[in-house]
$ cat query03.cif   # mmCIF, C-alpha atoms
data_start
#
loop_
_atom_site.group_PDB
_atom_site.id
_atom_site.type_symbol
_atom_site.label_atom_id
_atom_site.label_comp_id
_atom_site.auth_asym_id
_atom_site.auth_seq_id
_atom_site.Cartn_x
_atom_site.Cartn_y
_atom_site.Cartn_z
ATOM 1 C CA MET J 71 0.000 0.000 0.000
ATOM 2 C CA ASP J 72 1.571 3.339 -1.016
ATOM 3 C CA LYS J 73 2.041 6.280 1.375
ATOM 4 C CA PHE J 74 -0.815 8.257 -0.208
ATOM 5 C CA ARG J 75 -3.282 5.417 0.295
ATOM 6 C CA ILE J 76 -2.188 4.977 3.922
ATOM 7 C CA ALA J 77 -2.544 8.735 4.585
ATOM 8 C CA ALA J 78 -5.982 8.738 2.949
ATOM 9 C CA LEU J 79 -6.977 5.718 5.020
ATOM 10 C CA LEU J 80 -6.002 7.470 8.244
ATOM 11 C CA LEU J 81 -7.778 10.700 7.291
ATOM 12 C CA PHE J 82 -10.990 8.910 6.437
ATOM 13 C CA ALA J 83 -10.783 6.905 9.630
ATOM 14 C CA LEU J 84 -11.101 10.221 11.430
ATOM 15 C CA MET J 85 -14.163 11.174 9.375
ATOM 16 C CA LEU J 86 -16.098 7.976 10.079
ATOM 17 C CA PRO J 87 -18.024 7.428 13.268
ATOM 18 C CA LEU J 88 -16.757 4.473 15.232
ATOM 19 C CA SER J 89 -19.100 1.610 15.887
ATOM 20 C CA SER J 90 -18.770 -1.364 18.171
ATOM 21 C CA SER J 91 -18.593 -3.707 15.166
ATOM 22 C CA ALA J 92 -15.651 -1.726 13.730
ATOM 23 C CA ALA J 93 -13.673 -2.403 16.892
ATOM 24 C CA ARG J 94 -13.877 -6.186 16.324
ATOM 25 C CA ARG J 95 -12.441 -6.102 12.800
ATOM 26 C CA ASP J 96 -8.991 -5.512 11.372
ATOM 27 C CA PRO J 97 -8.335 -1.803 12.093
ATOM 28 C CA LEU J 98 -7.799 -1.053 8.397
ATOM 29 C CA ASP J 99 -10.801 -3.046 7.171
ATOM 30 C CA GLY J 100 -13.741 -0.888 6.172
ATOM 31 C CA LEU J 101 -12.311 2.449 7.290
ATOM 32 C CA LEU J 102 -12.316 3.842 3.780
ATOM 33 C CA ARG J 103 -15.636 4.553 2.197
ATOM 34 C CA PRO J 104 -15.958 2.437 -0.933
ATOM 35 C CA PRO J 105 -16.052 4.084 -4.350
ATOM 36 C CA ASP J 106 -19.538 5.231 -5.308
ATOM 37 C CA GLU J 107 -21.260 7.329 -7.981
ATOM 38 C CA CYS J 108 -19.075 10.305 -6.953
ATOM 39 C CA GLY J 109 -15.797 8.432 -7.329
ATOM 40 C CA ASP J 110 -13.264 6.933 -4.974
ATOM 41 C CA PRO J 111 -13.016 9.129 -1.864
ATOM 42 C CA ALA J 112 -9.516 7.850 -1.134
ATOM 43 C CA MET J 113 -8.330 9.232 -4.452
ATOM 44 C CA THR J 114 -10.196 12.554 -4.536
ATOM 45 C CA SER J 115 -10.220 13.722 -0.942
ATOM 46 C CA GLN J 116 -8.003 16.421 0.464
ATOM 47 C CA ALA J 117 -6.455 16.400 3.909
ATOM 48 C CA TYR J 118 -8.737 18.211 6.341
ATOM 49 C CA GLU J 119 -7.670 19.686 9.644
ATOM 50 C CA ALA J 120 -9.825 18.179 12.357
ATOM 51 C CA PHE J 121 -10.863 18.630 15.963
ATOM 52 C CA ASN J 122 -13.606 17.517 18.340
ATOM 53 C CA ALA J 123 -16.132 20.006 19.655
ATOM 54 C CA THR J 124 -19.453 20.375 21.410
ATOM 55 C CA VAL J 125 -22.273 22.195 19.646
ATOM 56 C CA LEU J 126 -23.299 24.926 22.099
ATOM 57 C CA LYS J 127 -25.933 26.543 19.931
ATOM 58 C CA VAL J 128 -27.384 26.315 16.438
ATOM 59 C CA LEU J 129 -27.725 29.955 15.351
ATOM 60 C CA ASP J 130 -29.516 29.248 12.062
ATOM 61 C CA GLY J 131 -29.736 26.489 9.450
ATOM 62 C CA ASP J 132 -26.030 26.659 8.629
ATOM 63 C CA THR J 133 -24.275 28.543 11.470
ATOM 64 C CA LEU J 134 -23.173 27.057 14.795
ATOM 65 C CA LEU J 135 -21.433 28.064 17.982
ATOM 66 C CA LEU J 136 -18.964 25.387 19.070
ATOM 67 C CA ARG J 137 -16.877 24.766 22.158
ATOM 68 C CA CYS J 138 -13.656 23.204 21.000
ATOM 69 C CA GLY J 139 -12.340 20.009 22.529
ATOM 70 C CA GLU J 140 -9.803 20.096 25.324
ATOM 71 C CA HIS J 141 -6.866 19.439 22.959
ATOM 72 C CA SER J 142 -7.682 22.414 20.723
ATOM 73 C CA SER J 143 -6.336 25.949 20.765
ATOM 74 C CA CYS J 144 -9.782 27.597 20.755
ATOM 75 C CA ASP J 145 -12.473 27.916 23.392
ATOM 76 C CA LYS J 146 -15.615 29.006 21.543
ATOM 77 C CA VAL J 147 -15.880 29.552 17.825
ATOM 78 C CA GLN J 148 -18.696 30.439 15.444
ATOM 79 C CA VAL J 149 -18.616 28.361 12.267
ATOM 80 C CA GLN J 150 -20.512 28.080 9.002
ATOM 81 C CA LEU J 151 -21.356 24.675 7.516
ATOM 82 C CA ALA J 152 -19.219 24.516 4.379
ATOM 83 C CA CYS J 153 -20.918 25.169 1.055
ATOM 84 C CA LEU J 154 -24.401 25.630 2.527
ATOM 85 C CA GLU J 155 -26.698 28.607 2.358
ATOM 86 C CA ALA J 156 -29.737 28.205 4.577
ATOM 87 C CA PRO J 157 -32.696 30.570 4.226
ATOM 88 C CA PRO J 158 -32.941 33.456 6.716
ATOM 89 C CA LEU J 159 -34.716 32.823 10.013
ATOM 90 C CA SER J 160 -37.436 35.266 8.925
ATOM 91 C CA SER J 161 -38.699 32.659 6.437
ATOM 92 C CA PRO J 162 -40.633 29.554 7.559
ATOM 93 C CA VAL J 163 -38.085 27.231 5.923
ATOM 94 C CA GLY J 164 -35.223 29.115 7.613
ATOM 95 C CA TRP J 165 -36.773 28.627 11.025
ATOM 96 C CA ILE J 166 -37.426 24.937 10.320
ATOM 97 C CA ALA J 167 -33.844 24.494 9.030
ATOM 98 C CA ARG J 168 -32.481 25.788 12.353
ATOM 99 C CA GLU J 169 -34.867 23.648 14.398
ATOM 100 C CA LYS J 170 -34.108 20.424 12.485
ATOM 101 C CA LEU J 171 -30.340 20.987 12.707
ATOM 102 C CA SER J 172 -30.646 21.906 16.387
ATOM 103 C CA ASP J 173 -32.689 18.773 17.128
ATOM 104 C CA ARG J 174 -29.921 16.629 15.592
ATOM 105 C CA ILE J 175 -26.758 18.246 16.926
ATOM 106 C CA GLN J 176 -27.232 20.867 19.669
ATOM 107 C CA GLY J 177 -25.418 19.785 22.816
ATOM 108 C CA GLU J 178 -23.754 16.890 20.996
ATOM 109 C CA GLN J 179 -20.077 16.010 20.716
ATOM 110 C CA VAL J 180 -19.115 16.262 17.032
ATOM 111 C CA PHE J 181 -16.113 15.775 14.803
ATOM 112 C CA VAL J 182 -15.224 18.978 12.909
ATOM 113 C CA ALA J 183 -13.282 18.957 9.629
ATOM 114 C CA VAL J 184 -11.852 22.148 8.142
ATOM 115 C CA SER J 185 -10.189 22.692 4.786
ATOM 116 C CA PRO J 186 -6.625 23.920 5.361
ATOM 117 C CA TYR J 187 -6.932 26.141 2.269
ATOM 118 C CA GLN J 188 -9.301 28.744 3.705
ATOM 119 C CA GLU J 189 -8.243 32.367 3.536
ATOM 120 C CA VAL J 190 -7.239 34.043 6.797
ATOM 121 C CA GLY J 191 -10.002 36.318 8.036
ATOM 122 C CA GLU J 192 -12.823 34.371 6.386
ATOM 123 C CA ASP J 193 -15.577 32.765 8.416
ATOM 124 C CA LEU J 194 -14.537 29.252 9.349
ATOM 125 C CA ASN J 195 -16.316 26.871 6.961
ATOM 126 C CA VAL J 196 -16.526 23.384 8.434
ATOM 127 C CA MET J 197 -18.046 19.976 7.996
ATOM 128 C CA ILE J 198 -19.679 18.391 11.034
ATOM 129 C CA GLN J 199 -19.851 14.635 11.577
ATOM 130 C CA LEU J 200 -22.107 13.421 14.369
ATOM 131 C CA PRO J 201 -21.361 9.880 15.563
ATOM 132 C CA GLY J 202 -24.354 7.831 14.444
ATOM 133 C CA GLY J 203 -25.608 10.735 12.313
ATOM 134 C CA HIS J 204 -25.646 11.142 8.550
ATOM 135 C CA PRO J 205 -23.118 8.794 6.893
ATOM 136 C CA ILE J 206 -21.389 11.651 5.036
ATOM 137 C CA ASN J 207 -21.950 14.730 7.217
ATOM 138 C CA GLU J 208 -24.630 17.053 8.587
ATOM 139 C CA GLY J 209 -24.337 19.449 5.635
ATOM 140 C CA VAL J 210 -25.532 16.711 3.306
ATOM 141 C CA ALA J 211 -28.378 15.976 5.743
ATOM 142 C CA GLN J 212 -29.541 19.609 5.508
ATOM 143 C CA LEU J 213 -29.346 19.523 1.705
ATOM 144 C CA GLU J 214 -31.254 16.225 1.441
ATOM 145 C CA GLN J 215 -34.126 17.706 3.430
ATOM 146 C CA GLY J 216 -34.189 20.844 1.263
ATOM 147 C CA LEU J 217 -33.224 23.001 4.238
ATOM 148 C CA ALA J 218 -30.283 24.705 2.512
ATOM 149 C CA ARG J 219 -28.837 25.388 -0.927
ATOM 150 C CA TYR J 220 -25.453 24.194 -2.142
ATOM 151 C CA ARG J 221 -23.112 27.153 -2.613
ATOM 152 C CA GLU J 222 -19.412 27.151 -3.401
ATOM 153 C CA PHE J 223 -17.596 29.482 -1.017
ATOM 154 C CA GLY J 224 -14.100 28.743 -2.275
ATOM 155 C CA PRO J 225 -12.348 26.304 -4.564
ATOM 156 C CA TYR J 226 -11.027 24.114 -1.756
ATOM 157 C CA ASP J 227 -13.794 24.112 0.872
ATOM 158 C CA LEU J 228 -14.854 20.653 -0.310
ATOM 159 C CA ASP J 229 -12.967 18.066 -2.295
ATOM 160 C CA SER J 230 -14.521 16.723 -5.502
ATOM 161 C CA TRP J 231 -16.037 13.635 -3.830
ATOM 162 C CA LEU J 232 -17.846 15.677 -1.153
ATOM 163 C CA SER J 233 -18.849 18.373 -3.649
ATOM 164 C CA CYS J 234 -20.463 15.687 -5.807
ATOM 165 C CA HIS J 235 -22.458 14.361 -2.812
ATOM 166 C CA TYR J 236 -23.569 17.883 -1.849
ATOM 167 C CA LYS J 237 -24.800 18.586 -5.389
ATOM 168 C CA ARG J 238 -26.585 15.228 -5.597
ATOM 169 C CA ALA J 239 -28.273 15.808 -2.208
ATOM 170 C CA GLU J 240 -29.654 19.172 -3.353
ATOM 171 C CA GLN J 241 -30.776 17.653 -6.662
ATOM 172 C CA LYS J 242 -32.690 14.907 -4.801
ATOM 173 C CA ALA J 243 -34.388 17.504 -2.579
ATOM 174 C CA ARG J 244 -35.389 19.516 -5.647
ATOM 175 C CA GLN J 245 -36.766 16.445 -7.408
ATOM 176 C CA GLY J 246 -38.635 15.388 -4.261
ATOM 177 C CA LYS J 247 -39.922 18.964 -3.751
ATOM 178 C CA ARG J 248 -38.646 18.988 -0.167
ATOM 179 C CA GLY J 249 -38.055 22.075 1.958
ATOM 180 C CA LEU J 250 -37.096 25.078 -0.166
ATOM 181 C CA TRP J 251 -38.174 23.262 -3.307
ATOM 182 C CA GLY J 252 -41.756 22.479 -2.317
ATOM 183 C CA GLU J 253 -43.932 21.771 0.644
ATOM 184 C CA LEU J 254 -42.421 20.782 3.979
#

$ encode --input "query03.cif" --output "structure tokens"
Amino acid sequence: MDKFRIAALLLFALMLPLSSSAARRDPLDGLLRPPDECGDPAMTSQAYEAFNATVLKVLDGDTLLLRCGEHSSCDKVQVQLACLEAPPLSSPVGWIAREKLSDRIQGEQVFVAVSPYQEVGEDLNVMIQLPGGHPINEGVAQLEQGLARYREFGPYDLDSWLSCHYKRAEQKARQGKRGLWGEL
């Protein structure tokens, strides 16, 4: 196995929630997501900086206040879910987007992944993985329910595999007329 594949394996191990069945297998078995309609994540994914945090408050359908884990250099930080644009709270869908996200993650311990290519001074765009939550991340969950739009903030916020899943999630919500795209 080449060094790139090993590095990708370790990075994706961090992105996947651990389960009790995973602990009984070979540590390298099943840690990588298999190739799917968006490609092979081991070959298209970038290295994300990562930390654990607690979601203190969901401010709207795509903005959170986090308390960083004890091994992090930050205390509290406001973050934006990468590549999402939720409707304003003044709209019914905006209010529902905040409530649904809050119901899933407020008060929970989460894994936070950040692209290392963000510009200094920009809002911190992150991906949130809740153990036992959505198999990709909570941004995709919001898109699948039609509670946000996909929006590219920068060229490296998401790698091509994640970008493909985000676009497909929004497309499914549009076709199913969910959230922003139809009746709730």

$ atom_distance --input "query03.cif" --atom1 "CA of Glu155 in chain J" --atom2 "CA of Leu129 in chain J"
13.1 Å

$ residues_around --input "query03.cif" --residues "Ser172 in chain J" --least-positions-apart "3" --cutoff "12 Å" --atoms "all atoms listed in the file" --output "list in words"
Val125, Leu126, Lys127, Val128, Leu129, Asp130, Gly131, Asp132, Thr133, Leu134, Leu135, Trp165, Ile166, Ala167, Arg168, Glu169, Ile175, Gln176, Gly177, Glu178, Glu208 and Gln212 of chain J

$ residues_around --input "query03.cif" --residues "Tyr226 in chain J" --least-positions-apart "4" --cutoff "10 Å" --atoms "all atoms listed in the file" --output "list in words"
Gln116, Ser185, Pro186, Tyr187, Gln188, Glu222, Ser230 and Ser233 of chain J

$ residues_around --input "query03.cif" --residues "Glu107 in chain J" --least-positions-apart "6" --cutoff "10 Å" --atoms "all atoms listed in the file" --output "VMD selection string"
chain J and resid 231 234 to 235 238

$ axis_aligned_box --input "query03.cif" --around "range 113-125 of chain J" --padding-each-side "5 Å" --output "lines of an AutoDock Vina configuration file"
center_x = -14.4
center_y = 15.7
center_z = 8.4
size_x = 25.8
size_y = 23.0
size_z = 35.9

$ resolve_selection --input "query03.cif" --expression "the PyMOL selection byres ((chain J and resi 183) around 12)" --output "tab-separated table (two decimals) with C-alpha atoms, in the frame of the given file"
chain	number	residue	atom	x	y	z
J	81	LEU	CA	-7.78	10.70	7.29
J	82	PHE	CA	-10.99	8.91	6.44
J	84	LEU	CA	-11.10	10.22	11.43
J	85	MET	CA	-14.16	11.17	9.38
J	86	LEU	CA	-16.10	7.98	10.08
J	116	GLN	CA	-8.00	16.42	0.46
J	117	ALA	CA	-6.46	16.40	3.91
J	118	TYR	CA	-8.74	18.21	6.34
J	119	GLU	CA	-7.67	19.69	9.64
J	120	ALA	CA	-9.82	18.18	12.36
J	121	PHE	CA	-10.86	18.63	15.96
J	122	ASN	CA	-13.61	17.52	18.34
J	123	ALA	CA	-16.13	20.01	19.66
J	149	VAL	CA	-18.62	28.36	12.27
J	150	GLN	CA	-20.51	28.08	9.00
J	151	LEU	CA	-21.36	24.68	7.52
J	152	ALA	CA	-19.22	24.52	4.38
J	180	VAL	CA	-19.11	16.26	17.03
J	181	PHE	CA	-16.11	15.78	14.80
J	182	VAL	CA	-15.22	18.98	12.91
J	184	VAL	CA	-11.85	22.15	8.14
J	185	SER	CA	-10.19	22.69	4.79
J	186	PRO	CA	-6.62	23.92	5.36
J	194	LEU	CA	-14.54	29.25	9.35
J	195	ASN	CA	-16.32	26.87	6.96
J	196	VAL	CA	-16.53	23.38	8.43
J	197	MET	CA	-18.05	19.98	8.00
J	198	ILE	CA	-19.68	18.39	11.03
J	199	GLN	CA	-19.85	14.64	11.58
J	200	LEU	CA	-22.11	13.42	14.37
J	206	ILE	CA	-21.39	11.65	5.04
J	207	ASN	CA	-21.95	14.73	7.22
J	208	GLU	CA	-24.63	17.05	8.59
J	209	GLY	CA	-24.34	19.45	5.64
J	227	ASP	CA	-13.79	24.11	0.87
J	228	LEU	CA	-14.85	20.65	-0.31
J	229	ASP	CA	-12.97	18.07	-2.30

$ closest_residue --input "query03.cif" --among "J:Gly224, J:Cys108, J:Asp193, J:Arg219" --to "Val147 in chain J" --atoms "only C-alpha atoms"
J:Asp193

$ atom_distance --input "query03.cif" --atom1 "CA of Lys242 in chain J" --atom2 "CA of Pro104 in chain J"
21.2 Å

$ atom_distance --input "query03.cif" --atom1 "CA of Glu240 in chain J" --atom2 "CA of Tyr220 in chain J"
6.7 Å

$ closest_residue --input "query03.cif" --among "J:Leu154, J:Met113, J:Leu232, J:Leu213" --to "Gly246 in chain J" --atoms "only C-alpha atoms"
J:Leu213

$ closest_residue --input "query03.cif" --among "J:Leu250, J:Val163, J:Leu171, J:Cys153" --to "Lys237 in chain J" --atoms "all atoms listed in the file"
J:Cys153

$ closest_residue --input "query03.cif" --among "J:Ala218, J:Gln179, J:Glu140, J:Asp145" --to "Thr124 in chain J" --atoms "all atoms listed in the file"
J:Gln179

$ decode --input "query03.cif" --residues "range 138-203 of chain J" --atoms "C-alpha atoms" --output "short mmCIF file (atom, residue, chain, number, x, y, z; two decimals), in the first residue's frame"
data_model
loop_
_atom_site.label_atom_id
_atom_site.label_comp_id
_atom_site.auth_asym_id
_atom_site.auth_seq_id
_atom_site.Cartn_x
_atom_site.Cartn_y
_atom_site.Cartn_z
CA CYS J 138 -13.66 23.20 21.00
CA GLY J 139 -12.34 20.01 22.53
CA GLU J 140 -9.80 20.10 25.32
CA HIS J 141 -6.87 19.44 22.96
CA SER J 142 -7.68 22.41 20.72
CA SER J 143 -6.34 25.95 20.77
CA CYS J 144 -9.78 27.60 20.76
CA ASP J 145 -12.47 27.92 23.39
CA LYS J 146 -15.62 29.01 21.54
CA VAL J 147 -15.88 29.55 17.83
CA GLN J 148 -18.70 30.44 15.44
CA VAL J 149 -18.62 28.36 12.27
CA GLN J 150 -20.51 28.08 9.00
CA LEU J 151 -21.36 24.68 7.52
CA ALA J 152 -19.22 24.52 4.38
CA CYS J 153 -20.92 25.17 1.06
CA LEU J 154 -24.40 25.63 2.53
CA GLU J 155 -26.70 28.61 2.36
CA ALA J 156 -29.74 28.20 4.58
CA PRO J 157 -32.70 30.57 4.23
CA PRO J 158 -32.94 33.46 6.72
CA LEU J 159 -34.72 32.82 10.01
CA SER J 160 -37.44 35.27 8.93
CA SER J 161 -38.70 32.66 6.44
CA PRO J 162 -40.63 29.55 7.56
CA VAL J 163 -38.09 27.23 5.92
CA GLY J 164 -35.22 29.11 7.61
CA TRP J 165 -36.77 28.63 11.03
CA ILE J 166 -37.43 24.94 10.32
CA ALA J 167 -33.84 24.49 9.03
CA ARG J 168 -32.48 25.79 12.35
CA GLU J 169 -34.87 23.65 14.40
CA LYS J 170 -34.11 20.42 12.49
CA LEU J 171 -30.34 20.99 12.71
CA SER J 172 -30.65 21.91 16.39
CA ASP J 173 -32.69 18.77 17.13
CA ARG J 174 -29.92 16.63 15.59
CA ILE J 175 -26.76 18.25 16.93
CA GLN J 176 -27.23 20.87 19.67
CA GLY J 177 -25.42 19.78 22.82
CA GLU J 178 -23.75 16.89 21.00
CA GLN J 179 -20.08 16.01 20.72
CA VAL J 180 -19.12 16.26 17.03
CA PHE J 181 -16.11 15.77 14.80
CA VAL J 182 -15.22 18.98 12.91
CA ALA J 183 -13.28 18.96 9.63
CA VAL J 184 -11.85 22.15 8.14
CA SER J 185 -10.19 22.69 4.79
CA PRO J 186 -6.62 23.92 5.36
CA TYR J 187 -6.93 26.14 2.27
CA GLN J 188 -9.30 28.74 3.71
CA GLU J 189 -8.24 32.37 3.54
CA VAL J 190 -7.24 34.04 6.80
CA GLY J 191 -10.00 36.32 8.04
CA GLU J 192 -12.82 34.37 6.39
CA ASP J 193 -15.58 32.76 8.42
CA LEU J 194 -14.54 29.25 9.35
CA ASN J 195 -16.32 26.87 6.96
CA VAL J 196 -16.53 23.38 8.43
CA MET J 197 -18.05 19.98 8.00
CA ILE J 198 -19.68 18.39 11.03
CA GLN J 199 -19.85 14.64 11.58
CA LEU J 200 -22.11 13.42 14.37
CA PRO J 201 -21.36 9.88 15.56
CA GLY J 202 -24.35 7.83 14.44
CA GLY J 203 -25.61 10.73 12.31
#
